[in-house]
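*Asks:* mmCIF, C-alpha atoms, file input.cif:
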data_protein
loop_
_atom_site.label_atom_id
_atom_site.label_comp_id
_atom_site.auth_asym_id
_atom_site.auth_seq_id
_atom_site.Cartn_x
_atom_site.Cartn_y
_atom_site.Cartn_z
CA MET U 296 -60.52 -16.70 -43.03
CA ASN U 297 -57.40 -18.89 -43.32
CA GLU U 298 -59.59 -21.83 -44.28
CA LYS U 299 -61.40 -19.84 -46.95
CA TYR U 300 -58.15 -19.15 -48.79
CA MET U 301 -56.77 -22.63 -48.19
CA LYS U 302 -59.88 -23.99 -49.90
CA GLU U 303 -58.90 -21.94 -52.95
CA ALA U 304 -55.39 -23.43 -52.78
CA ILE U 305 -56.96 -26.91 -52.62
CA LYS U 306 -58.91 -26.11 -55.81
CA GLU U 307 -55.56 -25.37 -57.45
CA ALA U 308 -54.09 -28.62 -56.11
CA LYS U 309 -56.96 -30.49 -57.77
CA LYS U 310 -56.04 -28.88 -61.09
CA ALA U 311 -52.52 -30.29 -60.69
CA TYR U 312 -54.03 -33.72 -59.94
CA LYS U 313 -55.97 -33.65 -63.20
CA LYS U 314 -52.74 -32.92 -65.07
CA ASP U 315 -51.04 -35.88 -63.37
CA GLU U 316 -48.82 -33.59 -61.32
CA VAL U 317 -48.28 -34.03 -57.57
CA PRO U 318 -51.40 -32.20 -56.29
CA ILE U 319 -50.14 -29.07 -54.60
CA GLY U 320 -51.80 -25.67 -54.99
CA ALA U 321 -51.18 -22.15 -53.77
CA VAL U 322 -52.80 -18.73 -53.72
CA ILE U 323 -51.39 -15.33 -52.75
CA VAL U 324 -53.61 -12.84 -50.96
CA LYS U 325 -53.15 -9.07 -50.62
CA ASP U 326 -55.64 -6.71 -48.94
CA ASN U 327 -58.14 -9.58 -48.68
CA LYS U 328 -57.99 -10.27 -52.40
CA ILE U 329 -56.47 -13.25 -54.19
CA ILE U 330 -53.88 -11.79 -56.55
CA ALA U 331 -52.36 -15.09 -57.78
CA ARG U 332 -53.48 -18.70 -58.10
CA ALA U 333 -51.14 -21.50 -59.17
CA HIS U 334 -50.43 -25.19 -58.95
CA ASN U 335 -47.49 -27.51 -59.27
CA LEU U 336 -46.33 -27.87 -62.89
CA LYS U 337 -42.88 -29.34 -62.39
CA GLU U 338 -43.28 -32.29 -64.77
CA LYS U 339 -45.27 -30.45 -67.43
CA LYS U 340 -42.72 -27.63 -67.56
CA GLN U 341 -39.70 -29.80 -66.69
CA MET U 342 -38.56 -27.07 -64.32
CA VAL U 343 -37.64 -27.60 -60.68
CA THR U 344 -38.88 -24.10 -59.87
CA SER U 345 -42.40 -24.84 -61.08
CA HIS U 346 -43.60 -25.78 -57.60
CA ALA U 347 -46.98 -24.21 -56.77
CA GLU U 348 -45.46 -21.57 -54.46
CA ILE U 349 -42.97 -20.23 -57.01
CA GLU U 350 -45.50 -20.31 -59.83
CA ALA U 351 -47.75 -18.19 -57.58
CA ILE U 352 -44.88 -15.84 -56.62
CA HIS U 353 -44.10 -15.29 -60.32
CA LYS U 354 -47.73 -14.48 -61.09
CA ALA U 355 -48.02 -12.08 -58.14
CA ALA U 356 -44.76 -10.31 -59.08
CA LYS U 357 -45.93 -9.90 -62.67
CA LYS U 358 -49.28 -8.54 -61.50
CA LEU U 359 -47.71 -6.04 -59.08
CA GLY U 360 -44.78 -5.21 -61.38
CA THR U 361 -42.24 -5.80 -58.63
CA TRP U 362 -40.58 -8.69 -56.84
CA HIS U 363 -41.48 -7.06 -53.50
CA LEU U 364 -44.41 -8.96 -52.05
CA GLU U 365 -44.53 -7.19 -48.70
CA GLY U 366 -48.01 -7.34 -47.23
CA CYS U 367 -48.86 -10.50 -49.15
CA ASP U 368 -49.83 -13.84 -47.62
CA LEU U 369 -49.24 -17.20 -49.29
CA TYR U 370 -51.50 -20.22 -48.78
CA VAL U 371 -50.11 -23.56 -49.93
CA THR U 372 -51.48 -27.06 -49.44
CA LEU U 373 -48.09 -28.63 -48.50
CA GLU U 374 -45.29 -27.38 -46.27
CA PRO U 375 -42.76 -25.60 -48.53
CA CYS U 376 -39.43 -27.22 -49.45
CA PRO U 377 -36.17 -25.26 -48.86
CA MET U 378 -36.27 -23.78 -52.39
CA CYS U 379 -39.81 -22.45 -51.93
CA ALA U 380 -39.30 -21.40 -48.30
CA GLY U 381 -36.27 -19.46 -49.57
CA ALA U 382 -38.24 -17.86 -52.42
CA ILE U 383 -41.01 -16.89 -49.98
CA GLN U 384 -38.38 -15.24 -47.78
CA GLN U 385 -36.67 -13.57 -50.75
CA SER U 386 -39.96 -12.05 -51.88
CA ARG U 387 -40.56 -10.57 -48.38
CA MET U 388 -43.87 -12.41 -48.03
CA GLN U 389 -45.70 -11.43 -44.85
CA HIS U 390 -47.17 -14.78 -43.80
CA VAL U 391 -47.13 -18.33 -45.13
CA TYR U 392 -50.01 -20.67 -44.27
CA PHE U 393 -49.59 -24.32 -45.18
CA GLY U 394 -51.86 -27.36 -45.01
CA ALA U 395 -50.12 -30.74 -44.73
CA TYR U 396 -46.72 -31.19 -43.12
CA ASP U 397 -43.98 -32.71 -45.28
CA PRO U 398 -41.76 -35.06 -43.27
CA LYS U 399 -39.73 -35.80 -46.43
CA GLY U 400 -38.84 -32.25 -47.41
CA GLY U 401 -40.53 -29.53 -45.34
CA ALA U 402 -38.33 -26.55 -44.54
CA ILE U 403 -40.58 -24.73 -42.06
CA GLU U 404 -40.95 -27.32 -39.31
CA SER U 405 -40.19 -30.82 -40.60
CA ILE U 406 -36.70 -31.49 -42.01
CA VAL U 407 -35.18 -28.10 -41.36
CA ARG U 408 -36.48 -24.97 -39.63
CA LEU U 409 -35.14 -22.45 -42.12
CA TYR U 410 -36.77 -19.41 -40.55
CA GLU U 411 -35.16 -20.13 -37.21
CA ALA U 412 -31.63 -19.50 -38.58
CA LYS U 413 -30.34 -16.12 -37.47
CA GLY U 414 -29.02 -13.38 -39.73
CA PHE U 415 -31.48 -13.21 -42.63
CA ASN U 416 -33.00 -9.93 -43.81
CA HIS U 417 -36.58 -11.06 -43.57
CA TYR U 418 -38.65 -13.59 -41.63
CA PRO U 419 -42.21 -14.41 -42.71
CA TYR U 420 -44.80 -15.48 -40.12
CA THR U 421 -45.85 -19.11 -40.48
CA THR U 422 -48.94 -21.16 -39.66
CA GLY U 423 -49.02 -24.89 -40.39
CA GLY U 424 -51.82 -27.45 -40.43
CA VAL U 425 -54.59 -25.33 -42.03
CA LEU U 426 -57.13 -27.86 -43.40
CA GLU U 427 -54.33 -30.36 -42.95
CA GLU U 428 -56.36 -33.53 -43.47
CA GLU U 429 -57.99 -32.43 -46.68
CA CYS U 430 -54.63 -31.29 -48.12
CA ALA U 431 -52.89 -34.53 -47.09
CA GLN U 432 -55.73 -36.74 -48.36
CA LEU U 433 -55.35 -35.36 -51.87
CA LEU U 434 -51.66 -36.32 -51.87
CA LYS U 435 -52.40 -39.78 -50.47
CA ASP U 436 -55.06 -40.40 -53.13
CA TYR U 437 -52.68 -39.31 -55.87
CA PHE U 438 -49.80 -41.55 -54.81
CA LYS U 439 -52.15 -44.49 -54.18
CA GLU U 440 -53.53 -44.14 -57.70
CA LYS U 441 -49.98 -43.96 -59.10
CA ARG U 442 -48.98 -47.17 -57.30
CA GLU U 443 -52.09 -48.97 -58.53
CA LYS U 444 -51.42 -47.89 -62.11
CA LYS U 445 -47.89 -49.24 -61.87
CA LYS U 446 -49.15 -52.57 -60.50
CA GLN U 447 -51.67 -52.77 -63.33
CA GLU U 448 -48.96 -52.09 -65.90
CA LYS U 449 -46.81 -54.85 -64.43
CA LEU U 450 -49.75 -57.30 -64.57
CA ILE U 451 -50.42 -56.45 -68.22
CA ALA U 452 -46.71 -56.84 -69.03
CA MET U 453 -46.71 -60.28 -67.36
CA GLU U 454 -49.82 -61.35 -69.27
CA HIS U 455 -48.08 -60.40 -72.49
CA TYR U 456 -44.99 -62.35 -71.42
CA ASN U 457 -47.04 -65.43 -70.55
CA GLY U 458 -49.50 -65.10 -73.39
CA MET L 150 -10.11 -27.21 -63.49
CA ASN L 151 -12.42 -25.68 -60.87
CA GLU L 152 -10.75 -22.32 -61.40
CA LYS L 153 -11.19 -22.51 -65.16
CA TYR L 154 -14.95 -22.78 -64.83
CA MET L 155 -15.13 -20.25 -61.99
CA LYS L 156 -13.44 -17.77 -64.31
CA GLU L 157 -16.32 -18.26 -66.73
CA ALA L 158 -18.76 -17.64 -63.87
CA ILE L 159 -16.86 -14.43 -63.06
CA LYS L 160 -17.28 -13.31 -66.68
CA GLU L 161 -21.02 -13.73 -66.18
CA ALA L 162 -20.88 -11.77 -62.91
CA LYS L 163 -19.26 -8.90 -64.81
CA LYS L 164 -22.17 -8.89 -67.26
CA ALA L 165 -24.52 -8.42 -64.28
CA TYR L 166 -22.31 -5.56 -63.03
CA LYS L 167 -22.68 -3.77 -66.36
CA LYS L 168 -26.45 -4.06 -66.07
CA ASP L 169 -26.33 -2.56 -62.57
CA GLU L 170 -27.29 -5.87 -61.00
CA VAL L 171 -25.49 -7.35 -57.98
CA PRO L 172 -22.56 -9.03 -59.80
CA ILE L 173 -23.10 -12.74 -59.41
CA GLY L 174 -22.52 -15.24 -62.22
CA ALA L 175 -22.91 -18.98 -62.70
CA VAL L 176 -22.15 -21.71 -65.21
CA ILE L 177 -23.25 -25.34 -65.35
CA VAL L 178 -20.85 -27.98 -66.60
CA LYS L 179 -21.65 -31.47 -67.88
CA ASP L 180 -19.07 -33.90 -69.31
CA ASN L 181 -16.45 -31.13 -69.25
CA LYS L 182 -18.61 -28.81 -71.32
CA ILE L 183 -20.37 -25.64 -70.24
CA ILE L 184 -24.05 -26.22 -70.98
CA ALA L 185 -25.43 -23.04 -69.38
CA ARG L 186 -24.15 -19.54 -68.54
CA ALA L 187 -26.17 -17.00 -66.59
CA HIS L 188 -26.02 -14.02 -64.29
CA ASN L 189 -28.17 -12.33 -61.73
CA LEU L 190 -31.13 -10.52 -63.30
CA LYS L 191 -33.36 -10.03 -60.26
CA GLU L 192 -33.94 -6.30 -60.70
CA LYS L 193 -34.19 -6.32 -64.51
CA LYS L 194 -36.75 -9.12 -64.44
CA GLN L 195 -38.30 -8.14 -61.09
CA MET L 196 -38.28 -11.81 -60.13
CA VAL L 197 -36.83 -13.20 -56.92
CA THR L 198 -35.96 -16.42 -58.73
CA SER L 199 -33.71 -14.63 -61.23
CA HIS L 200 -30.59 -15.26 -59.16
CA ALA L 201 -27.66 -16.46 -61.30
CA GLU L 202 -27.97 -20.08 -60.12
CA ILE L 203 -31.66 -20.46 -61.00
CA GLU L 204 -31.25 -18.64 -64.32
CA ALA L 205 -28.50 -21.18 -65.12
CA ILE L 206 -30.61 -24.13 -63.91
CA HIS L 207 -33.48 -23.02 -66.18
CA LYS L 208 -31.15 -22.77 -69.18
CA ALA L 209 -29.60 -26.17 -68.51
CA ALA L 210 -33.03 -27.80 -68.09
CA LYS L 211 -34.25 -26.28 -71.36
CA LYS L 212 -31.12 -27.48 -73.14
CA LEU L 213 -31.37 -31.03 -71.79
CA GLY L 214 -35.17 -31.17 -72.03
CA THR L 215 -35.52 -32.33 -68.44
CA TRP L 216 -35.32 -30.95 -64.92
CA HIS L 217 -32.96 -33.79 -63.99
CA LEU L 218 -29.46 -32.34 -63.82
CA GLU L 219 -27.72 -35.45 -62.49
CA GLY L 220 -24.05 -35.43 -63.46
CA CYS L 221 -23.99 -31.63 -63.74
CA ASP L 222 -21.77 -29.29 -61.72
CA LEU L 223 -22.67 -25.70 -60.93
CA TYR L 224 -20.09 -22.94 -60.48
CA VAL L 225 -21.31 -19.72 -58.87
CA THR L 226 -19.36 -16.69 -57.68
CA LEU L 227 -21.27 -16.33 -54.36
CA GLU L 228 -22.42 -18.91 -51.84
CA PRO L 229 -26.04 -19.82 -52.71
CA CYS L 230 -28.96 -18.53 -50.62
CA PRO L 231 -31.55 -21.03 -49.27
CA MET L 232 -33.75 -20.63 -52.37
CA CYS L 233 -30.87 -21.44 -54.73
CA ALA L 234 -29.35 -24.13 -52.53
CA GLY L 235 -32.81 -25.71 -52.53
CA ALA L 236 -33.15 -25.44 -56.32
CA ILE L 237 -29.68 -26.99 -56.75
CA GLN L 238 -30.78 -29.88 -54.54
CA GLN L 239 -34.15 -30.22 -56.30
CA SER L 240 -32.40 -30.46 -59.67
CA ARG L 241 -30.15 -33.30 -58.40
CA MET L 242 -27.01 -31.32 -59.21
CA GLN L 243 -23.86 -33.37 -58.61
CA HIS L 244 -21.53 -30.71 -57.19
CA VAL L 245 -21.76 -27.02 -56.37
CA TYR L 246 -18.58 -24.91 -56.39
CA PHE L 247 -18.86 -21.38 -55.04
CA GLY L 248 -16.45 -18.45 -54.81
CA ALA L 249 -17.12 -15.93 -52.04
CA TYR L 250 -18.83 -16.86 -48.77
CA ASP L 251 -22.02 -14.97 -47.91
CA PRO L 252 -22.24 -14.24 -44.19
CA LYS L 253 -25.58 -12.45 -44.76
CA GLY L 254 -27.42 -15.21 -46.59
CA GLY L 255 -25.33 -18.27 -47.47
CA ALA L 256 -27.11 -21.59 -47.04
CA ILE L 257 -24.17 -23.97 -47.55
CA GLU L 258 -21.86 -22.95 -44.71
CA SER L 259 -22.65 -19.42 -43.50
CA ILE L 260 -26.12 -18.76 -42.09
CA VAL L 261 -27.54 -22.25 -42.38
CA ARG L 262 -26.01 -25.58 -43.44
CA LEU L 263 -28.92 -26.81 -45.50
CA TYR L 264 -27.22 -29.92 -46.83
CA GLU L 265 -26.44 -31.13 -43.32
CA ALA L 266 -30.13 -31.60 -42.50
CA LYS L 267 -31.09 -35.27 -42.58
CA GLY L 268 -33.91 -36.80 -44.61
CA PHE L 269 -33.65 -35.20 -48.05
CA ASN L 270 -33.66 -37.24 -51.25
CA HIS L 271 -30.47 -35.78 -52.65
CA TYR L 272 -27.27 -34.17 -51.36
CA PRO L 273 -24.90 -32.35 -53.76
CA TYR L 274 -21.17 -32.23 -53.04
CA THR L 275 -19.96 -28.72 -52.18
CA THR L 276 -16.67 -26.82 -52.47
CA GLY L 277 -16.43 -23.22 -51.24
CA GLY L 278 -13.79 -20.53 -51.71
CA VAL L 279 -12.87 -21.18 -55.36
CA LEU L 280 -11.23 -17.90 -56.57
CA GLU L 281 -12.81 -16.41 -53.46
CA GLU L 282 -10.95 -13.08 -53.49
CA GLU L 283 -11.70 -12.27 -57.11
CA CYS L 284 -15.39 -13.14 -56.66
CA ALA L 285 -15.64 -11.08 -53.44
CA GLN L 286 -13.77 -8.10 -54.89
CA LEU L 287 -16.33 -7.72 -57.64
CA LEU L 288 -19.11 -7.49 -55.07
CA LYS L 289 -17.13 -5.02 -52.93
CA ASP L 290 -16.46 -2.80 -55.95
CA TYR L 291 -20.11 -2.85 -56.90
CA PHE L 292 -21.43 -1.88 -53.48
CA LYS L 293 -18.72 0.78 -53.03
CA GLU L 294 -19.71 2.34 -56.33
CA LYS L 295 -23.38 2.26 -55.30
CA ARG L 296 -22.61 4.01 -52.00
CA GLU L 297 -20.56 6.68 -53.77
CA LYS L 298 -23.35 7.33 -56.26
CA LYS L 299 -25.80 7.79 -53.39
CA LYS L 300 -23.44 10.24 -51.63
CA GLN L 301 -23.08 12.19 -54.87
CA GLU L 302 -26.85 12.33 -55.30
CA LYS L 303 -27.24 13.66 -51.76
CA LEU L 304 -24.61 16.35 -52.38
CA ILE L 305 -26.37 17.46 -55.56
CA ALA L 306 -29.71 17.53 -53.74
CA MET L 307 -28.19 19.70 -50.98
CA GLU L 308 -26.68 22.06 -53.53
CA HIS L 309 -30.12 22.48 -55.08
CA TYR L 310 -31.60 23.10 -51.65
CA ASN L 311 -28.97 25.68 -50.78
CA GLY L 312 -28.67 27.16 -54.22
#
Could you take the file, read its structure, and then write that structure out as structure tokens?
*Replies:*
Amino acid sequence: MNEKYMKEAIKEAKKAYKKDEVPIGAVIVKDNKIIARAHNLKEKKQMVTSHAEIEAIHKAAKKLGTWHLEGCDLYVTLEPCPMCAGAIQQSRMQHVYFGAYDPKGGAIESIVRLYEAKGFNHYPYTTGGVLEEECAQLLKDYFKEKREKKKQEKLIAMEHYNG
Amino acid sequence: MNEKYMKEAIKEAKKAYKKDEVPIGAVIVKDNKIIARAHNLKEKKQMVTSHAEIEAIHKAAKKLGTWHLEGCDLYVTLEPCPMCAGAIQQSRMQHVYFGAYDPKGGAIESIVRLYEAKGFNHYPYTTGGVLEEECAQLLKDYFKEKREKKKQEKLIAMEHYNG
């Protein structure tokens, strides 16, 4: 079940890849139905909040006509950052499932364990590592391609310089 | 200087109060100029991300045409929650000044010290307690008024029941 919805999040991540955005995708599920699908659009929109999770939260809130997302589950291909983990908490999301861990920014288990701090109003359930390899591979491919492009550009620039 | 800009943030908080929103306001300053003013609009917009800080970050990004807010300072009347503290960090904000502390949700010093976690790309400077009393009083007034309205509604409902 978890994998079925994570596969849909991966489809979204691939859409981000095609737009030359860091490939991260998310879906929100309520009563066994996907009510929102979104992917990272930070560079296209030039907005820090346009991470996949928040784009999905906005779509779900618009659909339901309320910011209250109780009873909703979010599936995202990468461990949420503090901003997104906070937004997930603010929206009273029931459960967050994530694929790859993010040692450089993850706020569920990696850099900080936000939901372990005491005193908040709401604590979502969390499950990490759902289809982890597939989610991580997409990110690796993307950054590898980016590095190769940069190398290529440098080579062309040098040819021009020497030519 | 800090107080001058916090006063502008308080003006924004008062606008939220008038709209029956939790009175929190924010401004963003770059090169000694206010480039964005905003207040909490969470209930009006039914969006968890419509906290004053993120509304201000969106306005600043639109104005500058980029999500990069390096060299910008944010003034907000209440200590940011994890979502907003994360967005501030994501946007590479230089310094965040806040008024009142938030023992129920603050992510700078109160519930969690987000910027003390190691491994992030960017760490904003922080200053808390700027015009603290004035910022806190506004929130106290708002919640007191809300409680009194509720009491009044209950009394009227009982009168109807007994009448």
*Asks:* Translate the PyMOL selection byres ((chain L and resi 172-189) around 7), as applied to the file shown, into an explicit residue set as a PyMOL selection string.
*Replies:* chain L and resi 157-159+161-163+165-166+170-171+190-191+199-202+204-205+208-209+220-227+287-288
*Asks:* Give me a file of those residues, with C-alpha atoms, as a PDB file, in the coordinates of the input.
*Replies:*
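out12.pdb, freshly written:
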ATOM      1  CA  GLU L 157     -16.320 -18.260 -66.730  1.00  0.00           C
ATOM      2  CA  ALA L 158     -18.760 -17.640 -63.870  1.00  0.00           C
ATOM      3  CA  ILE L 159     -16.860 -14.430 -63.060  1.00  0.00           C
ATOM      4  CA  GLU L 161     -21.020 -13.730 -66.180  1.00  0.00           C
ATOM      5  CA  ALA L 162     -20.880 -11.770 -62.910  1.00  0.00           C
ATOM      6  CA  LYS L 163     -19.260  -8.900 -64.810  1.00  0.00           C
ATOM      7  CA  ALA L 165     -24.520  -8.420 -64.280  1.00  0.00           C
ATOM      8  CA  TYR L 166     -22.310  -5.560 -63.030  1.00  0.00           C
ATOM      9  CA  GLU L 170     -27.290  -5.870 -61.000  1.00  0.00           C
ATOM     10  CA  VAL L 171     -25.490  -7.350 -57.980  1.00  0.00           C
ATOM     11  CA  LEU L 190     -31.130 -10.520 -63.300  1.00  0.00           C
ATOM     12  CA  LYS L 191     -33.360 -10.030 -60.260  1.00  0.00           C
ATOM     13  CA  SER L 199     -33.710 -14.630 -61.230  1.00  0.00           C
ATOM     14  CA  HIS L 200     -30.590 -15.260 -59.160  1.00  0.00           C
ATOM     15  CA  ALA L 201     -27.660 -16.460 -61.300  1.00  0.00           C
ATOM     16  CA  GLU L 202     -27.970 -20.080 -60.120  1.00  0.00           C
ATOM     17  CA  GLU L 204     -31.250 -18.640 -64.320  1.00  0.00           C
ATOM     18  CA  ALA L 205     -28.500 -21.180 -65.120  1.00  0.00           C
ATOM     19  CA  LYS L 208     -31.150 -22.770 -69.180  1.00  0.00           C
ATOM     20  CA  ALA L 209     -29.600 -26.170 -68.510  1.00  0.00           C
ATOM     21  CA  GLY L 220     -24.050 -35.430 -63.460  1.00  0.00           C
ATOM     22  CA  CYS L 221     -23.990 -31.630 -63.740  1.00  0.00           C
ATOM     23  CA  ASP L 222     -21.770 -29.290 -61.720  1.00  0.00           C
ATOM     24  CA  LEU L 223     -22.670 -25.700 -60.930  1.00  0.00           C
ATOM     25  CA  TYR L 224     -20.090 -22.940 -60.480  1.00  0.00           C
ATOM     26  CA  VAL L 225     -21.310 -19.720 -58.870  1.00  0.00           C
ATOM     27  CA  THR L 226     -19.360 -16.690 -57.680  1.00  0.00           C
ATOM     28  CA  LEU L 227     -21.270 -16.330 -54.360  1.00  0.00           C
ATOM     29  CA  LEU L 287     -16.330  -7.720 -57.640  1.00  0.00           C
ATOM     30  CA  LEU L 288     -19.110  -7.490 -55.070  1.00  0.00           C
TER      31      LEU L 288
END
*Asks:* Could you tell me which residues of chain U sit within 7 Å of chain L when counting all atoms listed in the file, and give me the result as an MDAnalysis selection string?
*Replies:* chainID U and resid 341:344 353 356 361:362 377:382 385:386 399:400 406:407 412:415
*Asks:* Can you move chain L onto chain U by a least-squares fit over all C-alpha atoms paired in order, then give me the moved copy as a short mmCIF file (atom, residue, chain, number, x, y, z; two decimals) with C-alpha atoms, in the frame of the given file?
*Replies:*
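Contents of the output file superposed-v8.cif:
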data_model
loop_
_atom_site.label_atom_id
_atom_site.label_comp_id
_atom_site.auth_asym_id
_atom_site.auth_seq_id
_atom_site.Cartn_x
_atom_site.Cartn_y
_atom_site.Cartn_z
CA MET L 150 -60.49 -16.71 -42.99
CA ASN L 151 -57.39 -18.89 -43.31
CA GLU L 152 -59.58 -21.83 -44.27
CA LYS L 153 -61.38 -19.81 -46.94
CA TYR L 154 -58.14 -19.12 -48.77
CA MET L 155 -56.77 -22.63 -48.18
CA LYS L 156 -59.88 -23.96 -49.91
CA GLU L 157 -58.90 -21.92 -52.96
CA ALA L 158 -55.40 -23.41 -52.77
CA ILE L 159 -56.98 -26.88 -52.64
CA LYS L 160 -58.92 -26.08 -55.81
CA GLU L 161 -55.58 -25.34 -57.45
CA ALA L 162 -54.12 -28.61 -56.12
CA LYS L 163 -56.99 -30.46 -57.80
CA LYS L 164 -56.09 -28.84 -61.12
CA ALA L 165 -52.57 -30.27 -60.72
CA TYR L 166 -54.08 -33.70 -59.96
CA LYS L 167 -56.01 -33.62 -63.23
CA LYS L 168 -52.78 -32.89 -65.09
CA ASP L 169 -51.10 -35.86 -63.40
CA GLU L 170 -48.88 -33.58 -61.35
CA VAL L 171 -48.32 -34.01 -57.60
CA PRO L 172 -51.43 -32.17 -56.32
CA ILE L 173 -50.16 -29.06 -54.63
CA GLY L 174 -51.84 -25.66 -54.98
CA ALA L 175 -51.18 -22.13 -53.77
CA VAL L 176 -52.79 -18.70 -53.71
CA ILE L 177 -51.39 -15.31 -52.73
CA VAL L 178 -53.60 -12.82 -50.92
CA LYS L 179 -53.12 -9.07 -50.59
CA ASP L 180 -55.61 -6.71 -48.90
CA ASN L 181 -58.12 -9.56 -48.65
CA LYS L 182 -57.98 -10.24 -52.37
CA ILE L 183 -56.48 -13.21 -54.17
CA ILE L 184 -53.87 -11.76 -56.52
CA ALA L 185 -52.37 -15.05 -57.76
CA ARG L 186 -53.49 -18.68 -58.10
CA ALA L 187 -51.16 -21.48 -59.18
CA HIS L 188 -50.45 -25.17 -58.96
CA ASN L 189 -47.53 -27.49 -59.31
CA LEU L 190 -46.37 -27.84 -62.92
CA LYS L 191 -42.91 -29.33 -62.42
CA GLU L 192 -43.32 -32.26 -64.81
CA LYS L 193 -45.33 -30.41 -67.48
CA LYS L 194 -42.78 -27.60 -67.60
CA GLN L 195 -39.77 -29.78 -66.73
CA MET L 196 -38.62 -27.05 -64.35
CA VAL L 197 -37.68 -27.60 -60.72
CA THR L 198 -38.89 -24.10 -59.91
CA SER L 199 -42.43 -24.83 -61.10
CA HIS L 200 -43.62 -25.77 -57.62
CA ALA L 201 -47.00 -24.20 -56.78
CA GLU L 202 -45.47 -21.57 -54.47
CA ILE L 203 -42.97 -20.22 -57.02
CA GLU L 204 -45.52 -20.30 -59.84
CA ALA L 205 -47.76 -18.17 -57.58
CA ILE L 206 -44.89 -15.84 -56.61
CA HIS L 207 -44.10 -15.26 -60.31
CA LYS L 208 -47.73 -14.44 -61.07
CA ALA L 209 -48.02 -12.07 -58.12
CA ALA L 210 -44.77 -10.30 -59.07
CA LYS L 211 -45.94 -9.87 -62.66
CA LYS L 212 -49.27 -8.50 -61.46
CA LEU L 213 -47.70 -6.02 -59.04
CA GLY L 214 -44.78 -5.17 -61.34
CA THR L 215 -42.23 -5.80 -58.61
CA TRP L 216 -40.58 -8.69 -56.80
CA HIS L 217 -41.46 -7.05 -53.48
CA LEU L 218 -44.39 -8.96 -52.02
CA GLU L 219 -44.49 -7.17 -48.66
CA GLY L 220 -47.99 -7.33 -47.19
CA CYS L 221 -48.83 -10.50 -49.13
CA ASP L 222 -49.82 -13.84 -47.60
CA LEU L 223 -49.24 -17.18 -49.29
CA TYR L 224 -51.49 -20.20 -48.79
CA VAL L 225 -50.12 -23.55 -49.94
CA THR L 226 -51.49 -27.06 -49.45
CA LEU L 227 -48.10 -28.63 -48.52
CA GLU L 228 -45.30 -27.39 -46.30
CA PRO L 229 -42.76 -25.61 -48.55
CA CYS L 230 -39.43 -27.24 -49.46
CA PRO L 231 -36.17 -25.29 -48.89
CA MET L 232 -36.28 -23.81 -52.41
CA CYS L 233 -39.81 -22.46 -51.93
CA ALA L 234 -39.30 -21.42 -48.32
CA GLY L 235 -36.28 -19.49 -49.58
CA ALA L 236 -38.25 -17.88 -52.43
CA ILE L 237 -41.01 -16.89 -49.97
CA GLN L 238 -38.37 -15.25 -47.78
CA GLN L 239 -36.64 -13.58 -50.74
CA SER L 240 -39.95 -12.07 -51.85
CA ARG L 241 -40.54 -10.57 -48.36
CA MET L 242 -43.85 -12.42 -48.01
CA GLN L 243 -45.67 -11.44 -44.82
CA HIS L 244 -47.15 -14.79 -43.78
CA VAL L 245 -47.10 -18.34 -45.11
CA TYR L 246 -50.00 -20.67 -44.27
CA PHE L 247 -49.58 -24.32 -45.20
CA GLY L 248 -51.86 -27.36 -45.02
CA ALA L 249 -50.14 -30.74 -44.76
CA TYR L 250 -46.72 -31.20 -43.14
CA ASP L 251 -43.99 -32.73 -45.31
CA PRO L 252 -41.78 -35.08 -43.31
CA LYS L 253 -39.74 -35.82 -46.47
CA GLY L 254 -38.88 -32.26 -47.45
CA GLY L 255 -40.55 -29.54 -45.38
CA ALA L 256 -38.33 -26.58 -44.57
CA ILE L 257 -40.58 -24.75 -42.08
CA GLU L 258 -40.94 -27.35 -39.33
CA SER L 259 -40.20 -30.85 -40.65
CA ILE L 260 -36.72 -31.52 -42.04
CA VAL L 261 -35.18 -28.13 -41.41
CA ARG L 262 -36.46 -25.00 -39.66
CA LEU L 263 -35.13 -22.48 -42.14
CA TYR L 264 -36.74 -19.44 -40.57
CA GLU L 265 -35.13 -20.17 -37.21
CA ALA L 266 -31.63 -19.55 -38.59
CA LYS L 267 -30.30 -16.18 -37.47
CA GLY L 268 -28.97 -13.44 -39.73
CA PHE L 269 -31.44 -13.24 -42.62
CA ASN L 270 -32.95 -9.96 -43.79
CA HIS L 271 -36.54 -11.09 -43.56
CA TYR L 272 -38.62 -13.61 -41.61
CA PRO L 273 -42.20 -14.44 -42.68
CA TYR L 274 -44.78 -15.49 -40.10
CA THR L 275 -45.83 -19.13 -40.48
CA THR L 276 -48.94 -21.18 -39.66
CA GLY L 277 -49.01 -24.92 -40.39
CA GLY L 278 -51.84 -27.46 -40.44
CA VAL L 279 -54.58 -25.32 -42.03
CA LEU L 280 -57.13 -27.86 -43.42
CA GLU L 281 -54.32 -30.36 -42.98
CA GLU L 282 -56.37 -33.53 -43.49
CA GLU L 283 -58.00 -32.40 -46.71
CA CYS L 284 -54.65 -31.26 -48.14
CA ALA L 285 -52.93 -34.53 -47.12
CA GLN L 286 -55.76 -36.73 -48.40
CA LEU L 287 -55.37 -35.34 -51.89
CA LEU L 288 -51.70 -36.30 -51.90
CA LYS L 289 -52.45 -39.78 -50.50
CA ASP L 290 -55.10 -40.38 -53.16
CA TYR L 291 -52.73 -39.30 -55.88
CA PHE L 292 -49.86 -41.54 -54.83
CA LYS L 293 -52.20 -44.49 -54.22
CA GLU L 294 -53.58 -44.13 -57.72
CA LYS L 295 -50.04 -43.95 -59.12
CA ARG L 296 -49.04 -47.15 -57.31
CA GLU L 297 -52.14 -48.96 -58.55
CA LYS L 298 -51.46 -47.89 -62.13
CA LYS L 299 -47.92 -49.25 -61.86
CA LYS L 300 -49.19 -52.58 -60.48
CA GLN L 301 -51.68 -52.80 -63.34
CA GLU L 302 -48.94 -52.11 -65.88
CA LYS L 303 -46.80 -54.87 -64.38
CA LEU L 304 -49.71 -57.33 -64.53
CA ILE L 305 -50.33 -56.51 -68.19
CA ALA L 306 -46.62 -56.88 -68.95
CA MET L 307 -46.59 -60.31 -67.26
CA GLU L 308 -49.67 -61.40 -69.19
CA HIS L 309 -47.89 -60.47 -72.41
CA TYR L 310 -44.82 -62.39 -71.28
CA ASN L 311 -46.85 -65.46 -70.39
CA GLY L 312 -49.32 -65.17 -73.20
#
